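What follows is the content of structure-v5.csv, which has CSV, C-alpha atoms and all ligand atoms:
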```csv
chain,number,residue,atom,x,y,z
A,1,MET,CA,-1.8,-7.9,-22.0
A,2,ALA,CA,-2.3,-10.6,-19.5
A,3,GLU,CA,-4.2,-13.7,-20.6
A,4,LYS,CA,-7.0,-14.9,-18.4
A,5,ASN,CA,-9.7,-17.4,-18.8
A,6,LEU,CA,-12.7,-15.4,-19.8
A,7,THR,CA,-15.3,-17.9,-18.6
A,8,ASP,CA,-13.8,-18.2,-15.1
A,9,ASN,CA,-13.4,-14.4,-14.8
A,10,GLU,CA,-16.9,-13.8,-16.1
A,11,ASP,CA,-18.3,-16.1,-13.3
A,12,HIS,CA,-16.1,-15.2,-10.4
A,13,GLY,CA,-14.2,-12.0,-11.2
A,14,TYR,CA,-10.7,-13.2,-10.1
A,15,ILE,CA,-9.2,-9.9,-11.1
A,16,SER,CA,-11.4,-6.8,-10.7
A,17,PRO,CA,-10.6,-3.2,-10.0
A,18,SER,CA,-11.7,-3.5,-6.4
A,19,GLY,CA,-9.6,-6.7,-6.1
A,20,LEU,CA,-6.4,-5.1,-7.3
A,21,GLU,CA,-5.5,-4.0,-3.7
A,22,ILE,CA,-5.5,-7.6,-2.6
A,23,ILE,CA,-3.5,-8.7,-5.7
A,24,TYR,CA,-0.9,-5.9,-5.1
A,25,HIS,CA,-0.2,-7.3,-1.6
A,26,CYS,CA,-0.8,-10.9,-2.4
A,27,PRO,CA,-0.3,-12.0,-6.0
A,28,GLY,CA,-0.8,-15.7,-5.1
A,29,SER,CA,-4.4,-15.1,-3.9
A,30,VAL,CA,-5.6,-15.3,-7.6
A,31,ASN,CA,-4.3,-18.9,-7.9
A,32,LEU,CA,-6.1,-19.8,-4.7
A,33,CYS,CA,-9.3,-18.2,-5.8
A,34,LYS,CA,-9.2,-20.2,-9.1
A,35,ASN,CA,-9.1,-23.4,-7.0
A,36,ILE,CA,-12.2,-22.6,-5.0
A,37,VAL,CA,-15.0,-24.9,-6.2
A,38,HIS,CA,-18.3,-22.9,-6.5
A,39,GLY,CA,-21.6,-24.7,-6.9
A,40,PRO,CA,-23.4,-24.0,-10.2
A,41,GLU,CA,-26.1,-22.1,-8.6
A,42,ARG,CA,-23.9,-20.0,-6.3
A,43,GLU,CA,-25.8,-17.0,-5.0
A,44,ARG,CA,-24.1,-13.8,-4.2
A,45,VAL,CA,-24.4,-13.4,-0.4
A,46,SER,CA,-24.6,-9.8,0.7
A,47,SER,CA,-24.1,-8.4,4.1
A,48,PRO,CA,-26.7,-5.9,5.4
A,49,ALA,CA,-24.0,-3.1,5.1
A,50,ALA,CA,-23.4,-4.1,1.4
A,51,GLU,CA,-27.1,-4.2,0.7
A,52,ARG,CA,-27.5,-0.7,2.2
A,53,GLY,CA,-24.6,0.5,0.1
A,54,THR,CA,-26.1,-0.9,-3.1
A,55,MET,CA,-29.4,0.7,-2.2
A,56,LEU,CA,-27.8,4.2,-1.6
A,57,HIS,CA,-25.8,3.9,-4.8
A,58,GLU,CA,-29.0,3.3,-6.7
A,59,VAL,CA,-30.8,6.3,-5.0
A,60,VAL,CA,-27.9,8.6,-6.0
A,61,ARG,CA,-27.8,7.2,-9.5
A,62,LYS,CA,-31.6,7.8,-10.0
A,63,PHE,CA,-31.3,11.4,-8.7
A,64,VAL,CA,-28.4,12.1,-11.0
A,65,VAL,CA,-30.2,10.9,-14.1
A,66,GLY,CA,-33.5,12.6,-13.0
A,67,GLU,CA,-35.5,9.5,-12.3
A,68,GLU,CA,-38.1,9.6,-9.6
A,69,VAL,CA,-37.0,8.3,-6.3
A,70,SER,CA,-37.7,8.9,-2.6
A,71,ILE,CA,-34.8,9.5,-0.2
A,72,PRO,CA,-34.6,6.6,2.3
A,73,GLU,CA,-34.6,7.6,6.0
A,74,ASP,CA,-31.4,5.7,6.7
A,75,GLY,CA,-28.7,7.5,4.7
A,76,SER,CA,-30.7,10.6,3.6
A,77,GLU,CA,-27.9,12.9,4.8
A,78,SER,CA,-25.3,10.9,2.9
A,79,VAL,CA,-27.3,10.9,-0.3
A,80,LEU,CA,-27.8,14.6,-0.1
A,81,TRP,CA,-24.1,15.2,0.7
A,82,CYS,CA,-23.1,13.3,-2.5
A,83,LEU,CA,-25.7,15.1,-4.6
A,84,GLN,CA,-24.4,18.4,-3.4
A,85,ARG,CA,-20.8,17.6,-4.4
A,86,ILE,CA,-21.9,16.3,-7.8
A,87,LYS,CA,-24.1,19.3,-8.5
A,88,SER,CA,-21.2,21.6,-7.5
A,89,ILE,CA,-18.9,20.0,-10.1
A,90,MET,CA,-21.6,20.2,-12.8
A,91,ASP,CA,-22.4,23.8,-11.9
A,92,GLN,CA,-18.7,24.8,-12.2
A,93,LEU,CA,-18.5,23.2,-15.6
A,94,THR,CA,-21.7,25.0,-16.8
A,95,GLU,CA,-20.5,28.3,-15.4
A,96,ALA,CA,-17.2,27.9,-17.3
A,97,GLY,CA,-19.2,27.3,-20.5
A,98,TYR,CA,-18.3,23.7,-21.0
A,99,GLU,CA,-20.6,21.2,-22.5
A,100,PHE,CA,-20.5,17.8,-20.9
A,101,PHE,CA,-22.3,14.5,-20.7
A,102,ILE,CA,-22.6,11.9,-17.9
A,103,LEU,CA,-22.5,8.1,-17.7
A,104,THR,CA,-23.8,6.3,-14.6
A,105,GLU,CA,-22.8,2.8,-13.6
A,106,HIS,CA,-20.8,2.6,-16.7
A,107,LYS,CA,-19.1,-0.7,-17.4
A,108,LEU,CA,-15.6,0.2,-18.4
A,109,ASP,CA,-13.6,-1.9,-20.8
A,110,LEU,CA,-10.3,-2.7,-18.9
A,111,ARG,CA,-9.2,-5.7,-21.1
A,112,SER,CA,-6.1,-3.8,-22.3
A,113,ILE,CA,-4.8,-3.8,-18.7
A,114,GLY,CA,-5.6,-7.4,-18.1
A,115,ILE,CA,-8.9,-7.1,-16.3
A,116,LEU,CA,-11.6,-9.0,-18.2
A,117,PRO,CA,-15.3,-8.2,-18.1
A,118,SER,CA,-17.3,-9.7,-15.2
A,119,LYS,CA,-21.0,-9.7,-14.3
A,120,HIS,CA,-20.7,-7.2,-11.6
A,121,GLY,CA,-17.3,-5.4,-11.8
A,122,CYS,CA,-15.6,-2.6,-13.7
A,123,ARG,CA,-18.5,-0.2,-13.2
A,124,ALA,CA,-17.7,3.4,-12.2
A,125,ASP,CA,-20.6,5.0,-10.3
A,126,LEU,CA,-20.5,8.3,-12.3
A,127,ILE,CA,-18.4,9.6,-15.2
A,128,ILE,CA,-18.6,13.2,-16.3
A,129,VAL,CA,-17.0,13.9,-19.6
A,130,VAL,CA,-16.1,17.2,-21.2
A,131,PRO,CA,-15.2,16.0,-24.7
A,132,ASN,CA,-11.6,16.5,-25.8
A,133,LEU,CA,-10.8,18.2,-22.5
A,134,LEU,CA,-11.2,16.1,-19.3
A,135,ALA,CA,-13.2,13.6,-17.4
A,136,TYR,CA,-14.2,13.0,-13.8
A,137,VAL,CA,-14.6,9.5,-12.5
A,138,ILE,CA,-16.7,9.6,-9.3
A,139,ASP,CA,-17.2,6.7,-7.0
A,140,TYR,CA,-19.4,6.7,-3.9
A,141,LYS,CA,-18.4,4.8,-0.8
A,142,PHE,CA,-21.1,4.4,1.9
A,143,GLY,CA,-19.6,3.3,5.2
A,144,THR,CA,-17.1,4.4,7.8
A,145,TYR,CA,-14.3,2.1,6.7
A,146,TYR,CA,-11.0,3.6,5.6
A,147,VAL,CA,-10.6,4.0,1.8
A,148,PRO,CA,-7.1,4.9,0.6
A,149,PRO,CA,-7.0,8.3,-1.3
A,150,VAL,CA,-7.6,8.2,-5.1
A,151,ARG,CA,-3.9,8.7,-5.9
A,152,TYR,CA,-3.0,5.4,-4.1
A,153,ASN,CA,-6.2,3.5,-4.7
A,154,TRP,CA,-5.9,0.7,-7.2
A,155,GLN,CA,-9.6,0.6,-7.9
A,156,PHE,CA,-9.7,4.3,-8.7
A,157,LYS,CA,-6.6,4.0,-10.8
A,158,ALA,CA,-8.2,1.2,-12.9
A,159,TYR,CA,-11.4,3.2,-13.3
A,160,CYS,CA,-9.6,6.3,-14.3
A,161,TYR,CA,-7.4,4.4,-16.7
A,162,GLY,CA,-10.5,2.9,-18.3
A,163,ALA,CA,-12.0,6.4,-18.7
A,164,TYR,CA,-8.7,7.7,-20.1
A,165,GLU,CA,-8.6,5.0,-22.7
A,166,MET,CA,-12.2,5.6,-23.6
A,167,PHE,CA,-12.1,9.4,-24.0
A,168,GLY,CA,-8.4,10.1,-24.4
A,169,VAL,CA,-8.3,13.0,-21.9
A,170,PRO,CA,-6.7,13.5,-18.5
A,171,VAL,CA,-8.9,12.1,-15.8
A,172,THR,CA,-9.7,13.3,-12.3
A,173,GLY,CA,-10.8,10.6,-9.8
A,174,ILE,CA,-13.1,11.7,-7.0
A,175,LYS,CA,-14.0,9.7,-3.9
A,176,LEU,CA,-17.2,10.7,-2.2
A,177,GLN,CA,-17.4,9.0,1.2
A,178,PRO,CA,-20.0,10.9,3.2
A,179,GLU,CA,-19.9,8.6,6.3
A,180,ALA,CA,-16.1,8.4,6.6
A,181,SER,CA,-15.1,8.7,10.3
A,182,LEU,CA,-12.9,11.8,9.7
A,183,GLU,CA,-14.2,14.8,7.9
A,184,ASN,CA,-11.1,15.2,5.7
A,185,TYR,CA,-11.5,11.6,4.4
A,186,ARG,CA,-14.9,12.3,3.0
A,187,PHE,CA,-13.9,14.1,-0.2
A,188,ASP,CA,-10.8,13.2,-2.0
A,189,SER,CA,-9.6,13.8,-5.6
A,190,TRP,CA,-6.6,13.3,-7.7
A,191,SER,CA,-5.9,14.4,-11.3
A,192,PHE,CA,-4.0,12.0,-13.5
A,193,SER,CA,-2.2,13.6,-16.5
A,194,GLU,CA,-2.1,11.6,-19.7
A,195,ASP,CA,1.5,10.5,-18.9
A,196,ALA,CA,0.4,9.5,-15.4
A,197,MET,CA,-2.4,7.4,-16.9
A,198,VAL,CA,0.0,5.6,-19.2
A,199,GLU,CA,2.2,4.8,-16.1
A,200,VAL,CA,-0.9,3.6,-14.2
A,201,GLY,CA,-1.9,1.3,-17.0
A,202,ALA,CA,1.6,-0.2,-17.1
A,203,SER,CA,1.7,-0.7,-13.4
A,204,ILE,CA,-1.7,-2.5,-13.4
A,205,ILE,CA,-0.5,-4.8,-16.3
A,206,GLU,CA,2.5,-5.6,-14.2
A,207,LEU,CA,0.3,-6.4,-11.2
A,208,VAL,CA,-1.9,-8.7,-13.2
A,209,ASN,CA,1.0,-10.4,-14.8
A,210,ARG,CA,2.4,-11.3,-11.4
A,211,THR,CA,-0.6,-13.4,-10.7
A,212,ASN,CA,0.0,-15.5,-13.8
A,213,ALA,CA,3.0,-17.3,-12.2
A,214,THR,CA,2.2,-20.6,-10.7
A,215,ASP,CA,4.5,-19.8,-7.8
A,216,ALA,CA,3.1,-16.2,-7.3
A,217,PRO,CA,3.8,-15.4,-3.6
A,218,LEU,CA,1.1,-15.5,-0.9
A,219,VAL,CA,1.5,-12.6,1.5
A,220,ARG,CA,-0.5,-12.2,4.6
A,221,GLY,CA,-1.8,-8.8,5.6
A,222,ASN,CA,-4.8,-6.6,6.3
A,223,GLN,CA,-6.0,-7.4,2.8
A,224,CYS,CA,-6.8,-10.9,4.0
A,225,THR,CA,-9.9,-9.5,5.6
A,226,PHE,CA,-11.5,-9.1,2.2
A,227,CYS,CA,-9.9,-12.0,0.4
A,228,ARG,CA,-12.2,-14.7,-1.0
A,229,ALA,CA,-9.5,-17.3,-0.6
A,230,LYS,CA,-9.2,-16.8,3.1
A,231,ALA,CA,-10.9,-20.0,4.0
A,232,THR,CA,-8.5,-22.1,2.0
A,233,CYS,CA,-5.4,-20.1,2.3
A,234,PRO,CA,-2.5,-21.9,4.1
A,235,LEU,CA,-1.0,-18.6,5.2
A,236,HIS,CA,-4.0,-17.1,6.8
A,237,ARG,CA,-3.0,-17.6,10.4
A,238,GLY,CA,-3.4,-14.1,11.8
A,239,ILE,CA,-1.9,-10.8,10.7
A,240,VAL,CA,1.5,-9.4,11.5
A,241,LEU,CA,2.3,-6.9,8.7
A,242,GLU,CA,1.2,-6.2,5.2
A,243,ILE,CA,4.5,-5.8,3.5
A,244,PRO,CA,4.5,-7.6,0.1
A,245,GLN,CA,7.6,-9.8,-0.3
A,246,HIS,CA,7.9,-9.4,-4.0
A,247,VAL,CA,8.6,-5.7,-4.1
A,248,THR,CA,11.1,-3.5,-2.4
A,249,ILE,CA,10.1,-1.5,0.7
A,250,ASN,CA,10.9,1.7,-1.3
A,251,HIS,CA,8.5,0.6,-4.1
A,252,HIS,CA,5.9,-0.4,-1.5
A,253,LEU,CA,6.1,3.0,0.3
A,254,GLN,CA,5.5,4.8,-3.0
A,255,ASN,CA,2.3,2.7,-3.5
A,256,ILE,CA,0.7,3.3,-0.2
A,257,ASP,CA,-0.7,6.6,1.1
A,258,PRO,CA,0.9,8.7,3.9
A,259,ILE,CA,-1.5,7.2,6.5
A,260,GLY,CA,-0.5,3.7,5.4
A,261,ARG,CA,3.1,4.7,5.6
A,262,THR,CA,2.8,5.9,9.2
A,263,LYS,CA,0.8,2.8,10.1
A,264,LEU,CA,3.5,0.6,8.6
A,265,TYR,CA,6.2,2.5,10.4
A,266,ASN,CA,4.4,2.1,13.7
A,267,ASP,CA,3.8,-1.6,13.1
A,268,LEU,CA,7.4,-2.1,12.3
A,269,VAL,CA,8.5,-0.4,15.5
A,270,ALA,CA,6.0,-2.4,17.5
A,271,LEU,CA,7.1,-5.6,15.8
A,272,LYS,CA,10.8,-4.8,16.5
A,273,LYS,CA,9.9,-4.3,20.2
A,274,TRP,CA,8.0,-7.6,20.2
A,275,THR,CA,10.9,-9.4,18.4
A,276,ASP,CA,13.5,-8.0,20.8
A,277,SER,CA,11.5,-9.2,23.7
A,278,ALA,CA,10.9,-12.6,22.1
A,279,ILE,CA,14.6,-13.0,21.4
A,280,ASP,CA,15.3,-12.1,25.1
A,281,ASN,CA,12.9,-14.9,26.0
A,282,VAL,CA,14.6,-17.3,23.7
A,283,TYR,CA,17.9,-16.4,25.2
A,284,ALA,CA,16.5,-16.9,28.8
A,285,CYS,CA,15.3,-20.3,27.8
A,286,ALA,CA,18.8,-21.2,26.5
A,287,MET,CA,20.4,-19.9,29.7
A,288,GLU,CA,18.0,-22.1,31.7
A,289,GLY,CA,19.3,-25.1,29.8
A,290,MET,CA,16.9,-25.5,26.9
A,291,ALA,CA,18.7,-27.3,24.0
A,292,PHE,CA,19.3,-25.5,20.7
A,293,ASP,CA,21.1,-27.3,17.9
A,294,LYS,CA,24.5,-26.0,16.6
A,295,THR,CA,24.6,-22.9,18.8
A,296,GLU,CA,26.6,-21.5,21.6
A,297,ILE,CA,26.0,-18.6,24.1
A,298,VAL,CA,28.3,-15.6,23.5
A,299,ASP,CA,28.6,-12.1,24.6
A,300,LYS,CA,26.4,-9.7,22.6
A,301,THR,CA,28.4,-6.5,21.7
A,302,GLY,CA,26.8,-3.2,20.9
A,303,ASN,CA,27.8,-0.5,18.4
A,304,ARG,CA,31.4,0.7,18.7
A,305,VAL,CA,31.9,3.9,20.8
A,306,TRP,CA,34.8,6.2,21.2
A,307,ASN,CA,37.0,5.5,24.3
A,308,ASP,CA,38.1,9.1,24.9
A,309,HIS,CA,36.6,12.4,25.8
A,310,PRO,CA,34.7,13.9,22.8
A,311,SER,CA,37.0,16.9,22.5
A,312,THR,CA,40.1,14.5,22.4
A,313,VAL,CA,38.3,12.4,19.7
A,314,ILE,CA,37.4,15.5,17.7
A,315,ASN,CA,41.0,16.7,17.7
A,316,ARG,CA,42.3,13.3,16.7
A,317,LEU,CA,39.7,12.9,13.9
A,318,ARG,CA,40.6,16.4,12.6
A,319,GLU,CA,44.2,15.3,12.4
A,320,ILE,CA,43.3,12.1,10.5
A,321,ALA,CA,41.0,14.1,8.1
A,322,ILE,CA,43.8,16.6,7.3
A,323,ALA,CA,46.3,13.8,6.8
A,324,LEU,CA,43.9,12.1,4.4
A,325,GLY,CA,43.0,15.3,2.5
A,326,LYS,CA,39.4,15.4,3.9
A,327,ASN,CA,37.5,18.4,5.3
A,328,PRO,CA,38.3,18.5,9.1
A,329,ASP,CA,34.9,20.1,9.7
A,330,ASP,CA,33.1,17.0,8.6
A,331,VAL,CA,34.1,15.1,11.7
A,332,VAL,CA,31.8,17.0,14.0
A,333,VAL,CA,28.0,16.8,14.3
A,334,PRO,CA,26.8,19.8,16.3
A,335,GLU,CA,28.9,19.3,19.5
A,336,SER,CA,30.1,15.8,19.4
A,337,PRO,CA,32.3,13.7,17.1
A,338,ILE,CA,30.7,11.6,14.3
A,339,SER,CA,30.3,7.9,15.2
A,340,PRO,CA,33.1,5.4,14.5
A,341,SER,CA,31.1,3.9,11.6
A,342,GLN,CA,30.5,7.4,10.2
A,343,ALA,CA,34.2,8.1,10.5
A,344,GLU,CA,34.9,4.9,8.7
A,345,SER,CA,32.6,5.9,5.8
A,346,LEU,CA,34.4,9.2,5.7
A,347,PHE,CA,37.9,7.9,5.8
A,348,GLY,CA,37.5,4.5,4.2
A,349,LYS,CA,38.4,1.2,5.6
A,350,SER,CA,42.1,1.0,4.7
A,351,LYS,CA,44.3,-0.9,7.1
A,352,LYS,CA,45.9,2.4,8.1
A,353,VAL,CA,42.5,3.8,9.2
A,354,LYS,CA,41.5,0.6,10.9
A,355,ASP,CA,44.8,0.6,12.9
A,356,VAL,CA,44.2,4.1,14.1
A,357,PHE,CA,40.6,3.3,15.1
A,358,GLU,CA,41.6,0.2,16.9
A,359,GLY,CA,43.0,2.1,19.8
A,360,MET,CA,40.2,4.8,19.8
A,361,THR,CA,37.1,2.6,19.9
A,362,ASN,CA,35.6,-0.4,21.7
A,363,SER,CA,32.4,-2.3,21.5
A,364,PRO,CA,30.5,-2.4,24.8
A,365,VAL,CA,29.1,-5.8,25.9
A,366,THR,CA,25.3,-5.5,26.0
A,367,GLY,CA,24.3,-9.0,27.1
A,368,LYS,CA,24.4,-12.5,25.7
A,369,ARG,CA,23.2,-14.0,22.5
A,370,LEU,CA,23.0,-17.4,20.7
A,371,LYS,CA,25.5,-17.8,18.0
A,372,LEU,CA,25.1,-20.3,15.2
A,373,LEU,CA,28.1,-22.5,15.0
A,374,LYS,CA,29.5,-23.0,11.5
B,401,LIG,S1,-5.9,-14.9,2.8
B,401,LIG,FE1,-4.3,-13.3,2.7
B,401,LIG,S2,-2.4,-14.5,2.4
B,401,LIG,FE2,-4.1,-15.8,1.9
B,401,LIG,S3,-4.5,-15.6,-0.3
B,401,LIG,FE3,-5.8,-14.2,0.7
B,401,LIG,S4,-4.7,-12.2,0.8
B,401,LIG,FE4,-3.2,-13.9,0.4
```
Kindly present the structure from the file in structure tokens form.
Amino acid sequence: MAEKNLTDNEDHGYISPSGLEIIYHCPGSVNLCKNIVHGPERERVSSPAAERGTMLHEVVRKFVVGEEVSIPEDGSESVLWCLQRIKSIMDQLTEAGYEFFILTEHKLDLRSIGILPSKHGCRADLIIVVPNLLAYVIDYKFGTYYVPPVRYNWQFKAYCYGAYEMFGVPVTGIKLQPEASLENYRFDSWSFSEDAMVEVGASIIELVNRTNATDAPLVRGNQCTFCRAKATCPLHRGIVLEIPQHVTINHHLQNIDPIGRTKLYNDLVALKKWTDSAIDNVYACAMEGMAFDKTEIVDKTGNRVWNDHPSTVINRLREIAIALGKNPDDVVVPESPISPSQAESLFGKSKKVKDVFEGMTNSPVTGKRLKLLK
């Protein structure tokens, strides 16, 4: 379990379920948050949107527990939408003959995964428990902003883990976001098996432990928008991409949802175009005489291509394949020969193969580039 200073966390909630998303992307943000000096009488400043969200949460809570409350004009449809979804879950359980109980605004104990109690955090909006069978953790989101699906959402994962630890049953997380801009973002759920919950717990501990290092990396990204350390962060100078530097791309892709993956891919493609154009500009400056240290201008060569007609190359590659005991059919992709580098992977890079390829390929010149001199 990660060790944290209870007093500090109690006051400022450095690591909270809703803050895990920031920590995942930027482990170093916790160190910066600890250095923020807060006045002793610091008031929590809420935006109008946050205040509205708090008010709507309270209205739904009161309805769910049967307290008297009037529906506010602003948000009435959203409140009713949430209540319908909650009622439908409860009705299904009742019809199936299950007995259940509910907890609202329940403060979950997440200390075993490194999240210490705080004044305001660790509260799931609604937990429905069928003892010894299953639990639902339901969280309402009022607003149109994008909320990642439960399966990829660190806040939900932490809440679900807390419920799993408390009741020892598989947990289904449910996001109710009646005002989400797209209809299919409004309701989302994911069921975590007991094994999945154990994995979630381990991954959160790993996340929290990363923040303990004094040199935990700072990583810019979209999460900066919600980061408390933004004002003091030396890295916050605009946003390029939100790729954490301390995990592999593969790991990162597994931790973001399909929409996030597509966005990342589009951003990477856009960044590549921007980088190519920026490099062309650097090159143009060099050609115009701007000085660069320890460099020279050389021809830029592209990927190798076959010199001869495709049918000639295919025949030649087949001969090489047979001579090397490979399948001659592997040298053709639909109607053309495989590329020189694919052929190299197939045949290996022995001197014999290199000598044969020498006469069959060339690398076209595609412009100029700056080369660093050794
Ligand atoms: S502003 Fe961004 S880069 Fe800086 S600490 Fe916060 S999340 Fe990290």
Interface rows for chain A against ligand LIG 401 (chain B): nearest pair, Å to one decimal, 6 Å, all atoms listed in the file, as a Markdown table:
```
| residue | atom | partner | partner_atom | distance |
| --- | --- | --- | --- | --- |
| A:Ile22 | CA | B:LIG401 | S4 | 5.8 |
| A:Cys26 | CA | B:LIG401 | FE4 | 4.8 |
| A:Ser29 | CA | B:LIG401 | S3 | 3.6 |
| A:Leu218 | CA | B:LIG401 | FE4 | 4.8 |
| A:Val219 | CA | B:LIG401 | S2 | 4.4 |
| A:Arg220 | CA | B:LIG401 | S2 | 3.7 |
| A:Gly221 | CA | B:LIG401 | FE1 | 5.9 |
| A:Gln223 | CA | B:LIG401 | S4 | 5.4 |
| A:Cys224 | CA | B:LIG401 | FE1 | 3.7 |
| A:Cys227 | CA | B:LIG401 | FE3 | 4.7 |
| A:Ala229 | CA | B:LIG401 | FE3 | 5.0 |
| A:Lys230 | CA | B:LIG401 | S1 | 3.8 |
| A:Cys233 | CA | B:LIG401 | FE2 | 4.5 |
| A:Leu235 | CA | B:LIG401 | S2 | 5.2 |
| A:His236 | CA | B:LIG401 | S1 | 4.9 |
```
- Task: Can you work out which one of A:Val147, A:Ile127, A:Ala135, A:Leu176 has the shortest atom-to-atom distance to Gln84 (chain A), counting only C-alpha atoms?
- Result: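 Among the listed residues, A:Leu176 lies closest to Gln84 (chain A).
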Hey, can you pull every residue with an atom no more than 12 Å from (-26.7, 2.6, 1.4), using only C-alpha atoms, and send it as a PDB file with C-alpha atoms, keeping the file's coordinate frame?
```
ATOM      1  CA  SER A  47     -24.100  -8.400   4.100  1.00  0.00           C
ATOM      2  CA  PRO A  48     -26.700  -5.900   5.400  1.00  0.00           C
ATOM      3  CA  ALA A  49     -24.000  -3.100   5.100  1.00  0.00           C
ATOM      4  CA  ALA A  50     -23.400  -4.100   1.400  1.00  0.00           C
ATOM      5  CA  GLU A  51     -27.100  -4.200   0.700  1.00  0.00           C
ATOM      6  CA  ARG A  52     -27.500  -0.700   2.200  1.00  0.00           C
ATOM      7  CA  GLY A  53     -24.600   0.500   0.100  1.00  0.00           C
ATOM      8  CA  THR A  54     -26.100  -0.900  -3.100  1.00  0.00           C
ATOM      9  CA  MET A  55     -29.400   0.700  -2.200  1.00  0.00           C
ATOM     10  CA  LEU A  56     -27.800   4.200  -1.600  1.00  0.00           C
ATOM     11  CA  HIS A  57     -25.800   3.900  -4.800  1.00  0.00           C
ATOM     12  CA  GLU A  58     -29.000   3.300  -6.700  1.00  0.00           C
ATOM     13  CA  VAL A  59     -30.800   6.300  -5.000  1.00  0.00           C
ATOM     14  CA  VAL A  60     -27.900   8.600  -6.000  1.00  0.00           C
ATOM     15  CA  ARG A  61     -27.800   7.200  -9.500  1.00  0.00           C
ATOM     16  CA  ILE A  71     -34.800   9.500  -0.200  1.00  0.00           C
ATOM     17  CA  PRO A  72     -34.600   6.600   2.300  1.00  0.00           C
ATOM     18  CA  GLU A  73     -34.600   7.600   6.000  1.00  0.00           C
ATOM     19  CA  ASP A  74     -31.400   5.700   6.700  1.00  0.00           C
ATOM     20  CA  GLY A  75     -28.700   7.500   4.700  1.00  0.00           C
ATOM     21  CA  SER A  76     -30.700  10.600   3.600  1.00  0.00           C
ATOM     22  CA  GLU A  77     -27.900  12.900   4.800  1.00  0.00           C
ATOM     23  CA  SER A  78     -25.300  10.900   2.900  1.00  0.00           C
ATOM     24  CA  VAL A  79     -27.300  10.900  -0.300  1.00  0.00           C
ATOM     25  CA  CYS A  82     -23.100  13.300  -2.500  1.00  0.00           C
ATOM     26  CA  TYR A 140     -19.400   6.700  -3.900  1.00  0.00           C
ATOM     27  CA  LYS A 141     -18.400   4.800  -0.800  1.00  0.00           C
ATOM     28  CA  PHE A 142     -21.100   4.400   1.900  1.00  0.00           C
ATOM     29  CA  GLY A 143     -19.600   3.300   5.200  1.00  0.00           C
ATOM     30  CA  THR A 144     -17.100   4.400   7.800  1.00  0.00           C
ATOM     31  CA  GLN A 177     -17.400   9.000   1.200  1.00  0.00           C
ATOM     32  CA  PRO A 178     -20.000  10.900   3.200  1.00  0.00           C
ATOM     33  CA  GLU A 179     -19.900   8.600   6.300  1.00  0.00           C
TER      34      GLU A 179
END
```
- Could you check how far CA of Arg151 (chain A) sits from CA of Gly19 (chain A), in Å to one decimal? 16.4 Å
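CA of Ile102 (chain A) to CA of Leu126 (chain A) spans 7.0 Å [interatomic distance, one decimal].
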- For Val305 (chain A), please output as an NGL selection string all residues within 7 Å (counting all atoms listed in the file; exclusion window: fewer than 6 positions along the same chain). :A and (340 or 361-363)
- Would you work out the distance separating CA of Asp308 (chain A) from CA of Met360 (chain A), expressed in Å to one decimal?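 About the pair CA of Asp308 (chain A) and CA of Met360 (chain A): they are 7.0 Å apart.
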- Task: For Leu324 (chain A), please output as a ChimeraX atom specification all residues within 8 Å (counting all atoms listed in the file; exclusion window: fewer than 3 positions along the same chain).
- Result: /A:320-321,347
- Message: Set the distance at 10 Å and use all atoms listed in the file: which residues neighbour Pro149 (chain A) once local chain neighbours fewer than 5 positions away are removed? I'd like the list as a VMD selection string.
- Response: chain A and resid 154 156 173 to 175 185 to 190 256 to 259
